[in-house]
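Notes follow once the structure below has been shown.
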Amino acid sequence: MRSFVHDAAVWGVECPRLPSRVAGVTMAGFSVRDLDALRIVPHPAVTLLLEFGAGSPVLDCAAGRQQRGSIVAGPGLGSAGAVRARGENVECVQVRLSPVIARAILGASPADLDGGVVSLGDLWGREASRIREQLGDVSSWRDRFVLTDALLARRHEAGPPVDPEVSWAWHRIVVSRGLIRVDGLAAEVGWSRKRLWSRFRSQLGLPPKRAVKLVRFDHAAHRLVAGEGAAHVAADTGYADQSHLHRDVMAFTGATPATVADEPFLAVDDIAWPSRGTTAMPHVPRELLLGRRPEARRPPL
């Protein structure tokens, strides 16, 4: 386990040695003795937090709401700096799910999260308690990752896929790092704008325009953390100017670009998520990659 030190905070961070069996899944293990009011920075993935230690993480959300223990958070959680994480003796496996596979694994659409947080027990019932017990019963992070991956693979196989057109639209947003005109996405897949917007929102949990802004912000924020100047980042990531970047960062985090550049939530990424596989794409049908309409899929019996 590697240590991540940021000011007075010291975290233990562990990464799997092998990739997940499910494309679009990345995970990391965290052990934090004293987690003190960590600002949650919005991210273009669905977050699954599986806690199992003696302590318990607490999310302080807007309007005084709190969420404890294992949770599921929709893409973009923490906008305007409204969510903070804290706790003592926290041990957890954190999973980032591409929105394209989240519906199958969760058993519910990310849209049902409405950009917020719900208890994992509310979604999975007894299975949430079972995985907590299993993670606590094993002593190695390797075994914890294996247990988690097996659970995610099983649920993914049994869950409903998103429409291939929606998957392709998400793929285009991600590979462009948010530098794409959303009005052209519907034409690419042969759907009407209204149909794509409706399906995208209902299956992935956010509308295409919001997805573009979130992916672009995520890329820009990590470049700020890497030490690049705000003016250069703005010019190179599709913002009209530095003021535009400033406004976007403030809207997503409630903080200035200079403050966000020093956020531990982002700074730990180079250790916890070295491949930055946070918006990884599952397989995209070949006919869509070639720009052709997919064959109609027969609904399951």
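The chains in the structure tokens are called A, B, ... from first to last as shown; in each chain the residues are counted from 1, and the ligands are counted from 1 in the order shown.
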Listing only residues of segment 192-273 of chain A within 10 Å of segment 5-28 of chain A, what is the closest atom pair and its distance in Å (to one decimal) for each, using only C-alpha atoms, sorted by chain and residue number ascending, as JSON lines?
{"residue": "A:Asp262", "atom": "CA", "partner": "A:His6", "partner_atom": "CA", "distance": 9.0}
{"residue": "A:Glu263", "atom": "CA", "partner": "A:His6", "partner_atom": "CA", "distance": 8.9}
{"residue": "A:Pro264", "atom": "CA", "partner": "A:His6", "partner_atom": "CA", "distance": 6.5}
{"residue": "A:Ala267", "atom": "CA", "partner": "A:His6", "partner_atom": "CA", "distance": 8.4}
{"residue": "A:Val268", "atom": "CA", "partner": "A:Val13", "partner_atom": "CA", "distance": 8.7}
{"residue": "A:Asp269", "atom": "CA", "partner": "A:Ala28", "partner_atom": "CA", "distance": 9.8}
{"residue": "A:Ile271", "atom": "CA", "partner": "A:Val13", "partner_atom": "CA", "distance": 7.2}
{"residue": "A:Ala272", "atom": "CA", "partner": "A:Ala28", "partner_atom": "CA", "distance": 5.7}
{"residue": "A:Trp273", "atom": "CA", "partner": "A:Ala28", "partner_atom": "CA", "distance": 7.1}
Please tabulate, as a Markdown table, the residues of segment 33-149 of chain A that come within 10 Å of segment 238-254 of chain A, each with its closest pair of atoms and the distance in Å to one decimal, counting only C-alpha atoms and ordering rows by chain, then residue number upward.
| residue | atom | partner | partner_atom | distance |
| --- | --- | --- | --- | --- |
| A:Arg39 | CA | A:Thr253 | CA | 8.3 |
| A:Ile40 | CA | A:Thr253 | CA | 8.0 |
| A:Val41 | CA | A:Thr253 | CA | 6.0 |
| A:Pro42 | CA | A:Phe252 | CA | 6.4 |
| A:His43 | CA | A:Phe252 | CA | 9.5 |
| A:Gly76 | CA | A:Phe252 | CA | 8.1 |
| A:Leu77 | CA | A:Phe252 | CA | 9.2 |
| A:Gly78 | CA | A:Thr253 | CA | 6.9 |
| A:Ser79 | CA | A:Phe252 | CA | 4.4 |
| A:Ala80 | CA | A:Gly254 | CA | 4.2 |
| A:Gly81 | CA | A:Thr253 | CA | 4.3 |
| A:Ala82 | CA | A:Gly254 | CA | 7.8 |
| A:Val83 | CA | A:Thr253 | CA | 9.4 |
Would you put the residues from that selection into a file with N, CA and C atoms, as an mmCIF file, in the first residue's frame?
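As written to disk, selection_1.cif reads:
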data_model
loop_
_atom_site.group_PDB
_atom_site.id
_atom_site.type_symbol
_atom_site.label_atom_id
_atom_site.label_comp_id
_atom_site.auth_asym_id
_atom_site.auth_seq_id
_atom_site.Cartn_x
_atom_site.Cartn_y
_atom_site.Cartn_z
ATOM 1 N N ARG A 39 -13.312 18.062 0.211
ATOM 2 C CA ARG A 39 -14.230 18.561 -0.809
ATOM 3 C C ARG A 39 -14.371 17.518 -1.921
ATOM 4 N N ILE A 40 -15.609 17.131 -2.234
ATOM 5 C CA ILE A 40 -15.859 16.207 -3.335
ATOM 6 C C ILE A 40 -15.942 17.017 -4.626
ATOM 7 N N VAL A 41 -15.040 16.718 -5.549
ATOM 8 C CA VAL A 41 -14.993 17.429 -6.824
ATOM 9 C C VAL A 41 -15.793 16.629 -7.855
ATOM 10 N N PRO A 42 -16.710 17.270 -8.573
ATOM 11 C CA PRO A 42 -17.534 16.550 -9.557
ATOM 12 C C PRO A 42 -16.692 15.764 -10.560
ATOM 13 N N HIS A 43 -17.232 14.609 -10.916
ATOM 14 C CA HIS A 43 -16.482 13.668 -11.733
ATOM 15 C C HIS A 43 -17.430 12.995 -12.722
ATOM 16 N N GLY A 76 -21.146 13.764 -11.500
ATOM 17 C CA GLY A 76 -21.249 15.184 -11.204
ATOM 18 C C GLY A 76 -21.550 15.499 -9.754
ATOM 19 N N LEU A 77 -21.469 14.502 -8.868
ATOM 20 C CA LEU A 77 -21.724 14.766 -7.458
ATOM 21 C C LEU A 77 -20.766 15.830 -6.930
ATOM 22 N N GLY A 78 -21.299 16.764 -6.148
ATOM 23 C CA GLY A 78 -20.466 17.759 -5.501
ATOM 24 C C GLY A 78 -20.447 19.106 -6.185
ATOM 25 N N SER A 79 -21.331 19.328 -7.153
ATOM 26 C CA SER A 79 -21.341 20.607 -7.853
ATOM 27 C C SER A 79 -21.507 21.761 -6.879
ATOM 28 N N ALA A 80 -20.784 22.833 -7.172
ATOM 29 C CA ALA A 80 -20.765 24.051 -6.359
ATOM 30 C C ALA A 80 -20.160 23.827 -4.978
ATOM 31 N N GLY A 81 -19.406 22.737 -4.823
ATOM 32 C CA GLY A 81 -18.753 22.468 -3.537
ATOM 33 C C GLY A 81 -19.709 22.075 -2.441
ATOM 34 N N ALA A 82 -20.841 21.470 -2.818
ATOM 35 C CA ALA A 82 -21.910 21.220 -1.860
ATOM 36 C C ALA A 82 -21.734 19.953 -1.036
ATOM 37 N N VAL A 83 -20.710 19.128 -1.342
ATOM 38 C CA VAL A 83 -20.564 17.849 -0.647
ATOM 39 C C VAL A 83 -19.153 17.726 -0.076
#
Would you compute the distance between atom CA of Val72 of chain A and atom CA of Val215 of chain A? Give it in Å to one decimal.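 Straight-line distance from atom CA of Val72 of chain A to atom CA of Val215 of chain A works out to 19.5 Å.
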Between segment 10-128 of chain A and segment 194-214 of chain A, at 8 Å or less, what are the per-residue closest atom pairs and their distances in Å? Count only C-alpha atoms, order by chain and rising residue number, and return it as JSON lines.
{"residue": "A:Pro42", "atom": "CA", "partner": "A:Leu214", "partner_atom": "CA", "distance": 7.6}
{"residue": "A:His43", "atom": "CA", "partner": "A:Leu214", "partner_atom": "CA", "distance": 6.9}
{"residue": "A:Pro44", "atom": "CA", "partner": "A:Leu214", "partner_atom": "CA", "distance": 6.0}
{"residue": "A:Gly74", "atom": "CA", "partner": "A:Gly205", "partner_atom": "CA", "distance": 7.2}
{"residue": "A:Pro75", "atom": "CA", "partner": "A:Gly205", "partner_atom": "CA", "distance": 7.2}
{"residue": "A:Gly76", "atom": "CA", "partner": "A:Leu214", "partner_atom": "CA", "distance": 7.0}
{"residue": "A:Pro99", "atom": "CA", "partner": "A:Leu204", "partner_atom": "CA", "distance": 5.2}
{"residue": "A:Val100", "atom": "CA", "partner": "A:Leu204", "partner_atom": "CA", "distance": 6.3}
{"residue": "A:Ala102", "atom": "CA", "partner": "A:Leu204", "partner_atom": "CA", "distance": 7.7}
{"residue": "A:Arg103", "atom": "CA", "partner": "A:Gln203", "partner_atom": "CA", "distance": 7.0}
{"residue": "A:Ser109", "atom": "CA", "partner": "A:Gln203", "partner_atom": "CA", "distance": 5.7}
{"residue": "A:Pro110", "atom": "CA", "partner": "A:Gly205", "partner_atom": "CA", "distance": 4.5}
{"residue": "A:Ala111", "atom": "CA", "partner": "A:Gly205", "partner_atom": "CA", "distance": 3.5}
{"residue": "A:Asp112", "atom": "CA", "partner": "A:Gly205", "partner_atom": "CA", "distance": 7.2}
{"residue": "A:Leu113", "atom": "CA", "partner": "A:Gly205", "partner_atom": "CA", "distance": 7.5}
{"residue": "A:Asp114", "atom": "CA", "partner": "A:Gly205", "partner_atom": "CA", "distance": 6.8}
{"residue": "A:Gly115", "atom": "CA", "partner": "A:Gly205", "partner_atom": "CA", "distance": 7.4}
Can you pull out every residue from segment 102-236 of chain A that DSSP, working from the backbone, puts in alpha helix (DSSP H), and format the result as a PyMOL selection string? chain A and resi 102-106+120-124+126-137+141-158+164-175+183-189+193-204+208-225+230-236
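Taking atom CA of Arg130 of chain A as the reference point, atom CA of Thr148 of chain A is found at 11.3 Å.
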Just list the residues in segment 30-82 of chain A DSSP gives strand (DSSP E or B) on the backbone, as a PDB file with all heavy atoms, in the first residue's frame.
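Dumped to out30.pdb:
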ATOM      1  N   PHE A  30      -8.730   2.419  -0.160  1.00  0.00           N
ATOM      2  CA  PHE A  30      -8.286   3.538   0.669  1.00  0.00           C
ATOM      3  C   PHE A  30      -8.357   3.157   2.149  1.00  0.00           C
ATOM      4  O   PHE A  30      -9.315   2.509   2.597  1.00  0.00           O
ATOM      5  CB  PHE A  30      -9.157   4.773   0.441  1.00  0.00           C
ATOM      6  CG  PHE A  30      -9.003   5.380  -0.925  1.00  0.00           C
ATOM      7  CD1 PHE A  30      -9.859   5.019  -1.956  1.00  0.00           C
ATOM      8  CD2 PHE A  30      -7.998   6.301  -1.178  1.00  0.00           C
ATOM      9  CE1 PHE A  30      -9.722   5.569  -3.219  1.00  0.00           C
ATOM     10  CE2 PHE A  30      -7.861   6.857  -2.441  1.00  0.00           C
ATOM     11  CZ  PHE A  30      -8.718   6.494  -3.457  1.00  0.00           C
ATOM     12  N   SER A  31      -7.353   3.592   2.871  1.00  0.00           N
ATOM     13  CA  SER A  31      -7.332   3.458   4.325  1.00  0.00           C
ATOM     14  C   SER A  31      -6.918   4.815   4.881  1.00  0.00           C
ATOM     15  O   SER A  31      -5.789   5.263   4.672  1.00  0.00           O
ATOM     16  CB  SER A  31      -6.331   2.376   4.748  1.00  0.00           C
ATOM     17  OG  SER A  31      -6.261   2.273   6.155  1.00  0.00           O
ATOM     18  N   VAL A  32      -7.841   5.471   5.569  1.00  0.00           N
ATOM     19  CA  VAL A  32      -7.617   6.844   6.035  1.00  0.00           C
ATOM     20  C   VAL A  32      -7.955   6.908   7.519  1.00  0.00           C
ATOM     21  O   VAL A  32      -9.091   6.621   7.908  1.00  0.00           O
ATOM     22  CB  VAL A  32      -8.478   7.862   5.259  1.00  0.00           C
ATOM     23  CG1 VAL A  32      -8.062   9.280   5.613  1.00  0.00           C
ATOM     24  CG2 VAL A  32      -8.381   7.633   3.756  1.00  0.00           C
ATOM     25  N   ARG A  33      -6.978   7.289   8.315  1.00  0.00           N
ATOM     26  CA  ARG A  33      -7.224   7.355   9.759  1.00  0.00           C
ATOM     27  C   ARG A  33      -8.120   8.526  10.111  1.00  0.00           C
ATOM     28  O   ARG A  33      -9.031   8.411  10.933  1.00  0.00           O
ATOM     29  CB  ARG A  33      -5.894   7.472  10.511  1.00  0.00           C
ATOM     30  CG  ARG A  33      -6.053   7.582  12.039  1.00  0.00           C
ATOM     31  CD  ARG A  33      -4.735   7.458  12.743  1.00  0.00           C
ATOM     32  NE  ARG A  33      -4.167   6.130  12.560  1.00  0.00           N
ATOM     33  CZ  ARG A  33      -3.002   5.751  13.078  1.00  0.00           C
ATOM     34  NH1 ARG A  33      -2.283   6.593  13.799  1.00  0.00           N
ATOM     35  NH2 ARG A  33      -2.559   4.529  12.875  1.00  0.00           N
ATOM     36  N   ASP A  34      -7.851   9.682   9.521  1.00  0.00           N
ATOM     37  CA  ASP A  34      -8.614  10.874   9.867  1.00  0.00           C
ATOM     38  C   ASP A  34      -8.933  11.640   8.592  1.00  0.00           C
ATOM     39  O   ASP A  34      -8.090  12.361   8.057  1.00  0.00           O
ATOM     40  CB  ASP A  34      -7.819  11.750  10.836  1.00  0.00           C
ATOM     41  CG  ASP A  34      -8.645  12.921  11.375  1.00  0.00           C
ATOM     42  OD1 ASP A  34      -9.859  12.952  11.112  1.00  0.00           O
ATOM     43  OD2 ASP A  34      -8.066  13.796  12.044  1.00  0.00           O
ATOM     44  N   LEU A  35     -10.139  11.465   8.095  1.00  0.00           N
ATOM     45  CA  LEU A  35     -10.585  12.138   6.879  1.00  0.00           C
ATOM     46  C   LEU A  35     -11.344  13.388   7.296  1.00  0.00           C
ATOM     47  O   LEU A  35     -12.422  13.309   7.883  1.00  0.00           O
ATOM     48  CB  LEU A  35     -11.483  11.212   6.062  1.00  0.00           C
ATOM     49  CG  LEU A  35     -11.971  11.710   4.701  1.00  0.00           C
ATOM     50  CD1 LEU A  35     -10.787  11.950   3.772  1.00  0.00           C
ATOM     51  CD2 LEU A  35     -12.936  10.709   4.080  1.00  0.00           C
ATOM     52  N   ASP A  36     -10.766  14.529   6.999  1.00  0.00           N
ATOM     53  CA  ASP A  36     -11.290  15.777   7.544  1.00  0.00           C
ATOM     54  C   ASP A  36     -11.842  16.683   6.456  1.00  0.00           C
ATOM     55  O   ASP A  36     -11.089  17.363   5.754  1.00  0.00           O
ATOM     56  CB  ASP A  36     -10.182  16.502   8.320  1.00  0.00           C
ATOM     57  CG  ASP A  36     -10.683  17.769   9.010  1.00  0.00           C
ATOM     58  OD1 ASP A  36     -11.901  17.884   9.214  1.00  0.00           O
ATOM     59  OD2 ASP A  36      -9.842  18.637   9.319  1.00  0.00           O
ATOM     60  N   ALA A  37     -13.153  16.700   6.297  1.00  0.00           N
ATOM     61  CA  ALA A  37     -13.857  17.642   5.420  1.00  0.00           C
ATOM     62  C   ALA A  37     -13.228  17.738   4.036  1.00  0.00           C
ATOM     63  O   ALA A  37     -12.838  18.801   3.579  1.00  0.00           O
ATOM     64  CB  ALA A  37     -13.923  19.023   6.074  1.00  0.00           C
ATOM     65  N   LEU A  38     -13.141  16.622   3.358  1.00  0.00           N
ATOM     66  CA  LEU A  38     -12.604  16.576   2.006  1.00  0.00           C
ATOM     67  C   LEU A  38     -13.659  17.066   1.012  1.00  0.00           C
ATOM     68  O   LEU A  38     -14.764  16.532   0.958  1.00  0.00           O
ATOM     69  CB  LEU A  38     -12.197  15.147   1.661  1.00  0.00           C
ATOM     70  CG  LEU A  38     -11.758  14.866   0.231  1.00  0.00           C
ATOM     71  CD1 LEU A  38     -10.390  15.487  -0.040  1.00  0.00           C
ATOM     72  CD2 LEU A  38     -11.725  13.365  -0.041  1.00  0.00           C
ATOM     73  N   ARG A  39     -13.312  18.062   0.211  1.00  0.00           N
ATOM     74  CA  ARG A  39     -14.230  18.561  -0.809  1.00  0.00           C
ATOM     75  C   ARG A  39     -14.371  17.518  -1.921  1.00  0.00           C
ATOM     76  O   ARG A  39     -13.386  17.054  -2.484  1.00  0.00           O
ATOM     77  CB  ARG A  39     -13.709  19.858  -1.417  1.00  0.00           C
ATOM     78  CG  ARG A  39     -14.695  20.524  -2.396  1.00  0.00           C
ATOM     79  CD  ARG A  39     -13.979  21.522  -3.311  1.00  0.00           C
ATOM     80  NE  ARG A  39     -13.158  22.451  -2.587  1.00  0.00           N
ATOM     81  CZ  ARG A  39     -13.549  23.665  -2.173  1.00  0.00           C
ATOM     82  NH1 ARG A  39     -14.775  24.073  -2.418  1.00  0.00           N
ATOM     83  NH2 ARG A  39     -12.720  24.448  -1.513  1.00  0.00           N
ATOM     84  N   VAL A  46     -20.006   7.313 -12.287  1.00  0.00           N
ATOM     85  CA  VAL A  46     -20.813   6.922 -11.137  1.00  0.00           C
ATOM     86  C   VAL A  46     -19.865   6.328 -10.103  1.00  0.00           C
ATOM     87  O   VAL A  46     -19.023   5.495 -10.430  1.00  0.00           O
ATOM     88  CB  VAL A  46     -21.897   5.905 -11.538  1.00  0.00           C
ATOM     89  CG1 VAL A  46     -22.625   5.375 -10.311  1.00  0.00           C
ATOM     90  CG2 VAL A  46     -22.879   6.538 -12.509  1.00  0.00           C
ATOM     91  N   THR A  47     -19.972   6.785  -8.869  1.00  0.00           N
ATOM     92  CA  THR A  47     -19.075   6.338  -7.803  1.00  0.00           C
ATOM     93  C   THR A  47     -19.784   5.367  -6.875  1.00  0.00           C
ATOM     94  O   THR A  47     -20.894   5.638  -6.405  1.00  0.00           O
ATOM     95  CB  THR A  47     -18.560   7.534  -6.982  1.00  0.00           C
ATOM     96  OG1 THR A  47     -17.822   8.407  -7.832  1.00  0.00           O
ATOM     97  CG2 THR A  47     -17.652   7.066  -5.850  1.00  0.00           C
ATOM     98  N   LEU A  48     -19.121   4.258  -6.634  1.00  0.00           N
ATOM     99  CA  LEU A  48     -19.615   3.230  -5.725  1.00  0.00           C
ATOM    100  C   LEU A  48     -18.600   3.104  -4.600  1.00  0.00           C
ATOM    101  O   LEU A  48     -17.434   2.797  -4.840  1.00  0.00           O
ATOM    102  CB  LEU A  48     -19.758   1.912  -6.477  1.00  0.00           C
ATOM    103  CG  LEU A  48     -20.269   0.671  -5.750  1.00  0.00           C
ATOM    104  CD1 LEU A  48     -21.662   0.905  -5.210  1.00  0.00           C
ATOM    105  CD2 LEU A  48     -20.257  -0.527  -6.694  1.00  0.00           C
ATOM    106  N   LEU A  49     -19.015   3.378  -3.365  1.00  0.00           N
ATOM    107  CA  LEU A  49     -18.123   3.314  -2.217  1.00  0.00           C
ATOM    108  C   LEU A  49     -18.531   2.143  -1.334  1.00  0.00           C
ATOM    109  O   LEU A  49     -19.640   2.129  -0.790  1.00  0.00           O
ATOM    110  CB  LEU A  49     -18.184   4.616  -1.419  1.00  0.00           C
ATOM    111  CG  LEU A  49     -17.120   4.788  -0.334  1.00  0.00           C
ATOM    112  CD1 LEU A  49     -15.759   5.025  -0.963  1.00  0.00           C
ATOM    113  CD2 LEU A  49     -17.481   5.936   0.594  1.00  0.00           C
ATOM    114  N   LEU A  50     -17.628   1.169  -1.211  1.00  0.00           N
ATOM    115  CA  LEU A  50     -17.891  -0.029  -0.410  1.00  0.00           C
ATOM    116  C   LEU A  50     -17.025   0.034   0.837  1.00  0.00           C
ATOM    117  O   LEU A  50     -15.822  -0.209   0.798  1.00  0.00           O
ATOM    118  CB  LEU A  50     -17.559  -1.288  -1.222  1.00  0.00           C
ATOM    119  CG  LEU A  50     -18.256  -1.434  -2.574  1.00  0.00           C
ATOM    120  CD1 LEU A  50     -17.708  -2.643  -3.334  1.00  0.00           C
ATOM    121  CD2 LEU A  50     -19.759  -1.550  -2.394  1.00  0.00           C
ATOM    122  N   GLU A  51     -17.616   0.386   1.969  1.00  0.00           N
ATOM    123  CA  GLU A  51     -16.840   0.503   3.207  1.00  0.00           C
ATOM    124  C   GLU A  51     -16.971  -0.776   4.020  1.00  0.00           C
ATOM    125  O   GLU A  51     -17.979  -1.481   3.960  1.00  0.00           O
ATOM    126  CB  GLU A  51     -17.274   1.727   4.003  1.00  0.00           C
ATOM    127  CG  GLU A  51     -18.715   1.745   4.487  1.00  0.00           C
ATOM    128  CD  GLU A  51     -18.895   1.057   5.825  1.00  0.00           C
ATOM    129  OE1 GLU A  51     -17.884   0.817   6.519  1.00  0.00           O
ATOM    130  OE2 GLU A  51     -20.052   0.733   6.166  1.00  0.00           O
ATOM    131  N   VAL A  58     -18.612   9.574   6.169  1.00  0.00           N
ATOM    132  CA  VAL A  58     -19.817  10.397   6.230  1.00  0.00           C
ATOM    133  C   VAL A  58     -19.742  11.429   5.119  1.00  0.00           C
ATOM    134  O   VAL A  58     -18.723  12.101   4.947  1.00  0.00           O
ATOM    135  CB  VAL A  58     -19.944  11.122   7.591  1.00  0.00           C
ATOM    136  CG1 VAL A  58     -21.209  11.978   7.618  1.00  0.00           C
ATOM    137  CG2 VAL A  58     -19.944  10.122   8.737  1.00  0.00           C
ATOM    138  N   LEU A  59     -20.815  11.553   4.352  1.00  0.00           N
ATOM    139  CA  LEU A  59     -20.917  12.608   3.352  1.00  0.00           C
ATOM    140  C   LEU A  59     -21.883  13.667   3.874  1.00  0.00           C
ATOM    141  O   LEU A  59     -23.041  13.363   4.189  1.00  0.00           O
ATOM    142  CB  LEU A  59     -21.425  12.065   2.016  1.00  0.00           C
ATOM    143  CG  LEU A  59     -20.492  11.169   1.203  1.00  0.00           C
ATOM    144  CD1 LEU A  59     -21.128  10.851  -0.142  1.00  0.00           C
ATOM    145  CD2 LEU A  59     -19.131  11.808   0.996  1.00  0.00           C
ATOM    146  N   ASP A  60     -21.392  14.879   3.990  1.00  0.00           N
ATOM    147  CA  ASP A  60     -22.234  16.005   4.357  1.00  0.00           C
ATOM    148  C   ASP A  60     -22.682  16.677   3.070  1.00  0.00           C
ATOM    149  O   ASP A  60     -21.872  17.245   2.325  1.00  0.00           O
ATOM    150  CB  ASP A  60     -21.451  16.996   5.223  1.00  0.00           C
ATOM    151  CG  ASP A  60     -21.081  16.408   6.578  1.00  0.00           C
ATOM    152  OD1 ASP A  60     -21.949  15.785   7.201  1.00  0.00           O
ATOM    153  OD2 ASP A  60     -19.911  16.569   7.002  1.00  0.00           O
ATOM    154  N   GLN A  66     -27.068  14.120   5.458  1.00  0.00           N
ATOM    155  CA  GLN A  66     -25.891  13.286   5.634  1.00  0.00           C
ATOM    156  C   GLN A  66     -26.157  11.894   5.076  1.00  0.00           C
ATOM    157  O   GLN A  66     -27.295  11.417   5.084  1.00  0.00           O
ATOM    158  CB  GLN A  66     -25.508  13.161   7.112  1.00  0.00           C
ATOM    159  CG  GLN A  66     -24.937  14.414   7.722  1.00  0.00           C
ATOM    160  CD  GLN A  66     -24.449  14.174   9.144  1.00  0.00           C
ATOM    161  OE1 GLN A  66     -24.726  13.144   9.752  1.00  0.00           O
ATOM    162  NE2 GLN A  66     -23.707  15.140   9.672  1.00  0.00           N
ATOM    163  N   GLN A  67     -25.098  11.277   4.608  1.00  0.00           N
ATOM    164  CA  GLN A  67     -25.174   9.896   4.154  1.00  0.00           C
ATOM    165  C   GLN A  67     -23.979   9.158   4.719  1.00  0.00           C
ATOM    166  O   GLN A  67     -22.842   9.619   4.594  1.00  0.00           O
ATOM    167  CB  GLN A  67     -25.157   9.850   2.623  1.00  0.00           C
ATOM    168  CG  GLN A  67     -25.509   8.503   2.046  1.00  0.00           C
ATOM    169  CD  GLN A  67     -26.961   8.119   2.290  1.00  0.00           C
ATOM    170  OE1 GLN A  67     -27.237   7.271   3.122  1.00  0.00           O
ATOM    171  NE2 GLN A  67     -27.877   8.739   1.570  1.00  0.00           N
ATOM    172  N   ARG A  68     -24.230   8.021   5.366  1.00  0.00           N
ATOM    173  CA  ARG A  68     -23.172   7.261   6.015  1.00  0.00           C
ATOM    174  C   ARG A  68     -23.021   5.882   5.393  1.00  0.00           C
ATOM    175  O   ARG A  68     -23.968   5.344   4.821  1.00  0.00           O
ATOM    176  CB  ARG A  68     -23.466   7.095   7.518  1.00  0.00           C
ATOM    177  CG  ARG A  68     -23.502   8.400   8.290  1.00  0.00           C
ATOM    178  CD  ARG A  68     -23.891   8.176   9.751  1.00  0.00           C
ATOM    179  NE  ARG A  68     -23.910   9.429  10.487  1.00  0.00           N
ATOM    180  CZ  ARG A  68     -22.853   9.915  11.148  1.00  0.00           C
ATOM    181  NH1 ARG A  68     -21.720   9.225  11.162  1.00  0.00           N
ATOM    182  NH2 ARG A  68     -22.925  11.069  11.790  1.00  0.00           N
ATOM    183  N   ILE A  71     -22.171   3.826  -0.230  1.00  0.00           N
ATOM    184  CA  ILE A  71     -23.060   4.711  -0.984  1.00  0.00           C
ATOM    185  C   ILE A  71     -22.862   4.547  -2.482  1.00  0.00           C
ATOM    186  O   ILE A  71     -21.884   3.962  -2.943  1.00  0.00           O
ATOM    187  CB  ILE A  71     -22.858   6.181  -0.577  1.00  0.00           C
ATOM    188  CG1 ILE A  71     -21.389   6.629  -0.812  1.00  0.00           C
ATOM    189  CG2 ILE A  71     -23.263   6.424   0.860  1.00  0.00           C
ATOM    190  CD1 ILE A  71     -21.133   7.281  -2.134  1.00  0.00           C
ATOM    191  N   VAL A  72     -23.817   5.094  -3.228  1.00  0.00           N
ATOM    192  CA  VAL A  72     -23.720   5.233  -4.677  1.00  0.00           C
ATOM    193  C   VAL A  72     -23.979   6.700  -4.997  1.00  0.00           C
ATOM    194  O   VAL A  72     -24.930   7.291  -4.488  1.00  0.00           O
ATOM    195  CB  VAL A  72     -24.748   4.364  -5.414  1.00  0.00           C
ATOM    196  CG1 VAL A  72     -24.650   4.583  -6.915  1.00  0.00           C
ATOM    197  CG2 VAL A  72     -24.566   2.901  -5.083  1.00  0.00           C
ATOM    198  N   ALA A  73     -23.115   7.288  -5.840  1.00  0.00           N
ATOM    199  CA  ALA A  73     -23.258   8.695  -6.205  1.00  0.00           C
ATOM    200  C   ALA A  73     -23.301   8.832  -7.713  1.00  0.00           C
ATOM    201  O   ALA A  73     -22.527   8.194  -8.429  1.00  0.00           O
ATOM    202  CB  ALA A  73     -22.102   9.511  -5.642  1.00  0.00           C
TER     203      ALA A  73
END
